[in-house]
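Read through the structure below, which is laid out as structure tokens, and then see the notes.
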Amino acid sequence: MQALRQTLLNDQLDLDFIALCLQLPTEGYLAEQMETIDVVAIHQAREALRHYIAEDLQEDFLKLFRDLRSDKPYSPDAASCGQRALKNTCLAYLAENNDPACLALITAQYHNANNMTDRMAALSILSNKEADARLEALEDFYTRFKDDALVVDKWLSVQAMSSLPGTLNTVQNLMSHEAFSIKNPNKVRSLIGVFAHANQLHYHNEDGSGYAFHADRILELDKINPQIAARMVAPLGRWRRFDAKRQDLMKAQLQRIISTDNLSGDTFEMASKSLA
């Protein structure tokens, strides 16, 4: 912990380098280091470490966050990018303590941001908080940017990656939102693809609901865009890396896909190879 504190407070280092040093490996990266992936253990261990770091360095994070805040106009230069990166890293760690004062800082940054980097950083943090501020920010973000397709894709993705309970229901509900269309490959990748590839915790729920949802979408897409449907099979094809229960659940969905009448050749080939 002392090494982290020294890095955090080292004024000889580039700010973006300090931010990078403070980032923990993603759950996906940690999964690749395991012979048999335990998604729950990875999530719990990573969250525990984040909380420990946040608690031990809280005062340092808070001071640095305040020092790095700026009312200057947005600038894309390297120094300003580094400043924003470290400031938002500090804010993410502060959020681990579930302090109402920290939630107020996050909410204020979301509403007062003069650039997308800061606004998205705050929204990403809020997306993992059971708070009215999360719902308010998500609604506000969509209202602000609903005419910008690429930004709306980010809005879909940040919700698909949430660690909150009920995220699968959120993803299902978003499929009925005006922002989403199953016929638009970018929307499919931003919502369904991100959920299946990047949300290990909920996609690999031990009841198999994430797999069933994914297979349903593959079959739905197969009638619209077989190439996209075939590419969506890949997460199910990793079944060998998981425990026996999840292996059986994943293979069952692959078998269901293969057994579907009038399945396209693209999707059949991909699912068959994944199951073999």
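Every chain in the structure tokens has a letter given in the order shown (A, B, ...), and although residue numbers restart at 1 in each chain, ligands are simply numbered from 1 in the order shown.
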Quiz prompt | Contacts of Ser274 of chain A at 9 Å (only C-alpha atoms; same-chain gap of 2+ positions) as an MDAnalysis selection string | solution = chainID A and resid 233:234 236:239 251 254 269:272 276
Quiz prompt | Two-atom distance - atom CA of Leu201 of chain A, atom CA of Ala160 of chain A (Å) | solution = 11.3 Å
Quiz item: With distances taken over only C-alpha atoms, which of A:Asn128, A:Thr260, A:Gln200, A:Gln83 is nearest to Leu20 of chain A?
Solution: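 Closest to Leu20 of chain A of all the choices is A:Gln83.
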Exercise. List the neighbours of Gln6 of chain A out to 12 Å using only C-alpha atoms; skip same-chain residues closer than 6 positions along the sequence, and give me the result as a list of chain:residue names.
Key: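 Counting only C-alpha atoms, the residues come to A:Gln12, A:Leu13, A:Ile18, A:Cys21, A:Leu22, A:Leu57, A:Asp60.
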Practice problem: Name the residues of segment 108-207 of chain A that come out as helix (DSSP H, G or I) in a backbone DSSP run; write them as a VMD selection string. | Solution: chain A and resid 108 to 112 116 to 126 132 to 145 149 to 160 167 to 174 185 to 198 200 to 203
